[in-house]
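What follows is the content of run-v3.cif (mmCIF, C-alpha atoms, pLDDT in the B column; chains and numbers go by the auth columns).
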data_protein
loop_
_atom_site.group_PDB
_atom_site.id
_atom_site.type_symbol
_atom_site.label_atom_id
_atom_site.label_comp_id
_atom_site.label_asym_id
_atom_site.label_seq_id
_atom_site.Cartn_x
_atom_site.Cartn_y
_atom_site.Cartn_z
_atom_site.B_iso_or_equiv
_atom_site.auth_seq_id
_atom_site.auth_asym_id
ATOM 1 C CA MET A 1 70.078 -54.340 166.918 69.00 1 A
ATOM 2 C CA THR A 2 73.540 -55.738 167.611 74.00 2 A
ATOM 3 C CA LEU A 3 76.109 -54.084 169.869 77.00 3 A
ATOM 4 C CA GLY A 4 79.541 -55.478 170.606 78.00 4 A
ATOM 5 C CA TRP A 5 80.544 -55.637 174.260 77.00 5 A
ATOM 6 C CA TYR A 6 83.851 -55.988 176.025 79.00 6 A
ATOM 7 C CA SER A 7 84.660 -56.792 179.622 80.00 7 A
ATOM 8 C CA ILE A 8 87.170 -54.316 181.022 84.00 8 A
ATOM 9 C CA GLU A 9 88.829 -53.438 184.327 83.00 9 A
ATOM 10 C CA PRO A 10 87.991 -50.189 186.168 85.00 10 A
ATOM 11 C CA SER A 11 91.465 -48.853 185.278 87.00 11 A
ATOM 12 C CA PHE A 12 90.711 -49.134 181.532 90.00 12 A
ATOM 13 C CA PHE A 13 89.495 -45.545 181.028 89.00 13 A
ATOM 14 C CA ASN A 14 92.486 -44.015 182.801 89.00 14 A
ATOM 15 C CA THR A 15 94.964 -46.317 181.037 92.00 15 A
ATOM 16 C CA MET A 16 93.476 -45.527 177.622 91.00 16 A
ATOM 17 C CA LYS A 17 93.170 -41.808 178.468 91.00 17 A
ATOM 18 C CA ILE A 18 89.394 -41.797 178.001 88.00 18 A
ATOM 19 C CA ASP A 19 87.508 -39.099 179.898 86.00 19 A
ATOM 20 C CA ILE A 20 83.902 -39.499 180.931 86.00 20 A
ATOM 21 C CA ALA A 21 81.501 -37.280 178.950 85.00 21 A
ATOM 22 C CA ALA A 22 78.577 -37.980 181.310 90.00 22 A
ATOM 23 C CA GLY A 23 78.180 -40.032 184.469 90.00 23 A
ATOM 24 C CA ARG A 24 81.164 -41.842 186.016 90.00 24 A
ATOM 25 C CA ALA A 25 83.816 -44.424 185.235 87.00 25 A
ATOM 26 C CA LEU A 26 84.043 -47.911 186.666 88.00 26 A
ATOM 27 C CA SER A 27 85.103 -48.403 190.279 89.00 27 A
ATOM 28 C CA LYS A 28 86.580 -51.370 192.137 87.00 28 A
ATOM 29 C CA GLN A 29 84.569 -50.193 195.158 90.00 29 A
ATOM 30 C CA ARG A 30 81.205 -50.949 193.491 88.00 30 A
ATOM 31 C CA ALA A 31 80.080 -54.568 193.274 82.00 31 A
ATOM 32 C CA LYS A 32 77.927 -53.964 190.181 86.00 32 A
ATOM 33 C CA ASP A 33 80.996 -52.677 188.324 85.00 33 A
ATOM 34 C CA SER A 34 82.408 -56.205 188.165 82.00 34 A
ATOM 35 C CA ILE A 35 81.271 -59.473 186.661 80.00 35 A
ATOM 36 C CA PHE A 36 84.322 -61.432 187.813 81.00 36 A
ATOM 37 C CA VAL A 37 83.746 -65.165 188.044 82.00 37 A
ATOM 38 C CA ASN A 38 86.609 -67.458 189.030 85.00 38 A
ATOM 39 C CA VAL A 39 86.632 -69.847 186.074 82.00 39 A
ATOM 40 C CA ASP A 40 89.112 -72.096 187.876 90.00 40 A
ATOM 41 C CA ALA A 41 86.511 -72.885 190.559 90.00 41 A
ATOM 42 C CA GLU A 42 84.267 -75.954 190.594 92.00 42 A
ATOM 43 C CA GLU A 43 81.414 -75.871 188.096 87.00 43 A
ATOM 44 C CA ALA A 44 78.791 -75.446 190.850 90.00 44 A
ATOM 45 C CA ALA A 45 80.663 -72.400 192.224 90.00 45 A
ATOM 46 C CA ILE A 46 80.954 -70.859 188.756 85.00 46 A
ATOM 47 C CA GLU A 47 77.231 -71.347 188.154 84.00 47 A
ATOM 48 C CA ALA A 48 76.378 -69.887 191.577 88.00 48 A
ATOM 49 C CA ALA A 49 78.571 -66.830 190.912 86.00 49 A
ATOM 50 C CA ALA A 50 76.969 -66.295 187.500 83.00 50 A
ATOM 51 C CA ARG A 51 73.468 -66.608 188.994 84.00 51 A
ATOM 52 C CA ALA A 52 74.389 -64.074 191.703 87.00 52 A
ATOM 53 C CA ILE A 53 75.473 -61.590 189.022 83.00 53 A
ATOM 54 C CA VAL A 54 72.221 -62.095 187.110 79.00 54 A
ATOM 55 C CA ALA A 55 70.187 -61.693 190.310 83.00 55 A
ATOM 56 C CA ARG A 56 71.868 -58.432 191.362 83.00 56 A
ATOM 57 C CA GLY A 57 72.321 -57.043 187.847 81.00 57 A
ATOM 58 C CA LEU A 58 75.340 -55.085 186.726 82.00 58 A
ATOM 59 C CA ASN A 59 76.139 -51.683 185.416 85.00 59 A
ATOM 60 C CA VAL A 60 77.541 -50.826 182.000 84.00 60 A
ATOM 61 C CA VAL A 61 79.311 -48.012 180.193 87.00 61 A
ATOM 62 C CA VAL A 62 78.427 -47.405 176.530 85.00 62 A
ATOM 63 C CA ASN A 63 79.686 -44.904 173.990 85.00 63 A
ATOM 64 C CA GLU A 64 77.551 -42.161 172.451 84.00 64 A
ATOM 65 C CA SER A 65 76.811 -44.173 169.300 85.00 65 A
ATOM 66 C CA ALA A 66 75.512 -47.098 171.345 86.00 66 A
ATOM 67 C CA ALA A 67 73.407 -44.756 173.510 87.00 67 A
ATOM 68 C CA LYS A 68 71.758 -43.363 170.371 88.00 68 A
ATOM 69 C CA LEU A 69 71.156 -46.865 168.977 87.00 69 A
ATOM 70 C CA LEU A 70 69.492 -47.672 172.308 87.00 70 A
ATOM 71 C CA GLY A 71 67.130 -44.725 171.769 89.00 71 A
ATOM 72 C CA PHE A 72 68.653 -42.041 174.018 90.00 72 A
ATOM 73 C CA ARG A 73 68.930 -38.485 172.657 91.00 73 A
ATOM 74 C CA SER A 74 72.134 -37.714 174.584 87.00 74 A
ATOM 75 C CA ALA A 75 74.813 -39.209 176.780 83.00 75 A
ATOM 76 C CA SER A 76 73.412 -37.572 179.896 88.00 76 A
ATOM 77 C CA GLU A 77 69.914 -38.865 179.176 91.00 77 A
ATOM 78 C CA ALA A 78 71.273 -42.435 179.105 89.00 78 A
ATOM 79 C CA VAL A 79 73.051 -42.270 182.475 91.00 79 A
ATOM 80 C CA GLY A 80 71.194 -44.151 185.188 88.00 80 A
ATOM 81 C CA LYS A 81 68.754 -45.820 182.787 87.00 81 A
ATOM 82 C CA GLN A 82 68.202 -49.549 182.726 82.00 82 A
ATOM 83 C CA ILE A 83 68.636 -51.472 179.481 79.00 83 A
ATOM 84 C CA GLY A 84 67.796 -55.069 178.742 71.00 84 A
ATOM 85 C CA ILE A 85 70.560 -57.382 177.623 66.00 85 A
ATOM 86 C CA PRO A 86 69.538 -61.017 177.166 61.00 86 A
ATOM 87 C CA ILE A 87 72.087 -62.442 179.611 56.00 87 A
ATOM 88 C CA PHE A 88 72.188 -59.810 182.360 44.00 88 A
ATOM 89 C CA GLY A 89 70.148 -56.891 183.754 43.00 89 A
ATOM 90 C CA ARG A 90 72.441 -53.852 183.574 47.00 90 A
ATOM 91 C CA ASN A 91 72.208 -50.228 184.636 50.00 91 A
ATOM 92 C CA LEU A 92 73.678 -47.785 182.151 52.00 92 A
ATOM 93 C CA VAL A 93 76.244 -45.628 183.895 53.00 93 A
ATOM 94 C CA GLY A 94 78.259 -43.984 181.164 54.00 94 A
ATOM 95 C CA HIS A 95 79.829 -43.938 177.743 52.00 95 A
ATOM 96 C CA PRO A 96 82.668 -42.530 175.614 53.00 96 A
ATOM 97 C CA PRO A 97 82.289 -40.507 172.401 53.00 97 A
ATOM 98 C CA SER A 98 81.266 -42.002 169.071 49.00 98 A
ATOM 99 C CA SER A 99 84.906 -42.377 168.037 45.00 99 A
ATOM 100 C CA TRP A 100 85.112 -45.179 170.586 43.00 100 A
ATOM 101 C CA ALA A 101 83.663 -48.513 169.378 43.00 101 A
ATOM 102 C CA PRO A 102 80.057 -49.231 170.506 40.00 102 A
ATOM 103 C CA CYS A 103 80.123 -51.462 173.530 43.00 103 A
ATOM 104 C CA ALA A 104 78.474 -52.365 176.776 42.00 104 A
ATOM 105 C CA THR A 105 80.760 -53.082 179.713 40.00 105 A
ATOM 106 C CA PRO A 106 80.502 -53.448 183.481 39.00 106 A
ATOM 107 C CA ALA A 107 80.096 -50.205 185.482 39.00 107 A
ATOM 108 C CA SER A 108 78.027 -48.823 188.430 35.00 108 A
ATOM 109 C CA ALA A 109 74.755 -46.947 188.681 33.00 109 A
ATOM 110 C CA ARG A 110 73.952 -43.444 187.494 35.00 110 A
ATOM 111 C CA SER A 111 77.289 -42.311 186.212 38.00 111 A
ATOM 112 C CA ALA A 112 79.525 -42.179 183.101 46.00 112 A
ATOM 113 C CA ILE A 113 79.883 -41.192 179.428 47.00 113 A
ATOM 114 C CA PRO A 114 83.588 -41.088 178.337 49.00 114 A
ATOM 115 C CA SER A 115 85.348 -38.843 175.815 45.00 115 A
ATOM 116 C CA LEU A 116 88.938 -39.093 174.541 41.00 116 A
ATOM 117 C CA ARG A 117 91.491 -36.887 176.279 40.00 117 A
#
Any chance you could put this one into structure tokens?
Amino acid sequence: MTLGWYSIEPSFFNTMKIDIAAGRALSKQRAKDSIFVNVDAEEAAIEAAARAIVARGLNVVVNESAAKLLGFRSASEAVGKQIGIPIFGRNLVGHPPSSWAPCATPASARSAIPSLR
């Protein structure tokens, strides 16, 4: 199975007028909602930051289509579940409706499933 994924800022859902159908949206107050790595830093610092993200895991928001492809019967069933992505361990926190492209993006635990406003 192949899913596209996009890194977004916590303000993305509000800016794009996307409501959450189940769970919660991203938050700047939650460390697992961000995978920021300063790419202008020294290589050792970049690698250390990436390893820290892998060690702690991160949370993602997926749309309804992606949730179904991942084997969940509904948006609410997917919220709070852990999914395996080859690079990172991520907790599924939400997703938008099927009209929104399938994706996996940073977000924080047990929360969101967006729908267009």
Selection in question (the file shown): the PyMOL selection byres ((chain A and resi 26) around 6). Which residues does it include, as a PyMOL selection string? chain A and resi 10+25+27+33+107
Keeping only C-alpha atoms, write the selected residues as a PDB file, in the frame of the given file.
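In the end it all went to part.pdb:
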ATOM      1  CA  PRO A  10      87.991 -50.189 186.168  1.00 85.00           C
ATOM      2  CA  ALA A  25      83.816 -44.424 185.235  1.00 87.00           C
ATOM      3  CA  SER A  27      85.103 -48.403 190.279  1.00 89.00           C
ATOM      4  CA  ASP A  33      80.996 -52.677 188.324  1.00 85.00           C
ATOM      5  CA  ALA A 107      80.096 -50.205 185.482  1.00 39.00           C
TER       6      ALA A 107
END
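The two atoms in question, atom CA of A:Ser34 and atom CA of A:Asn59, are spaced 8.2 Å apart.
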Of the candidates A:Ala31, A:Gly23, A:Ala52, A:Glu47, which shows the shortest atom-to-atom distance to A:Glu77, using only C-alpha atoms?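 Residue with the minimum atom-to-atom distance to A:Glu77: A:Gly23.
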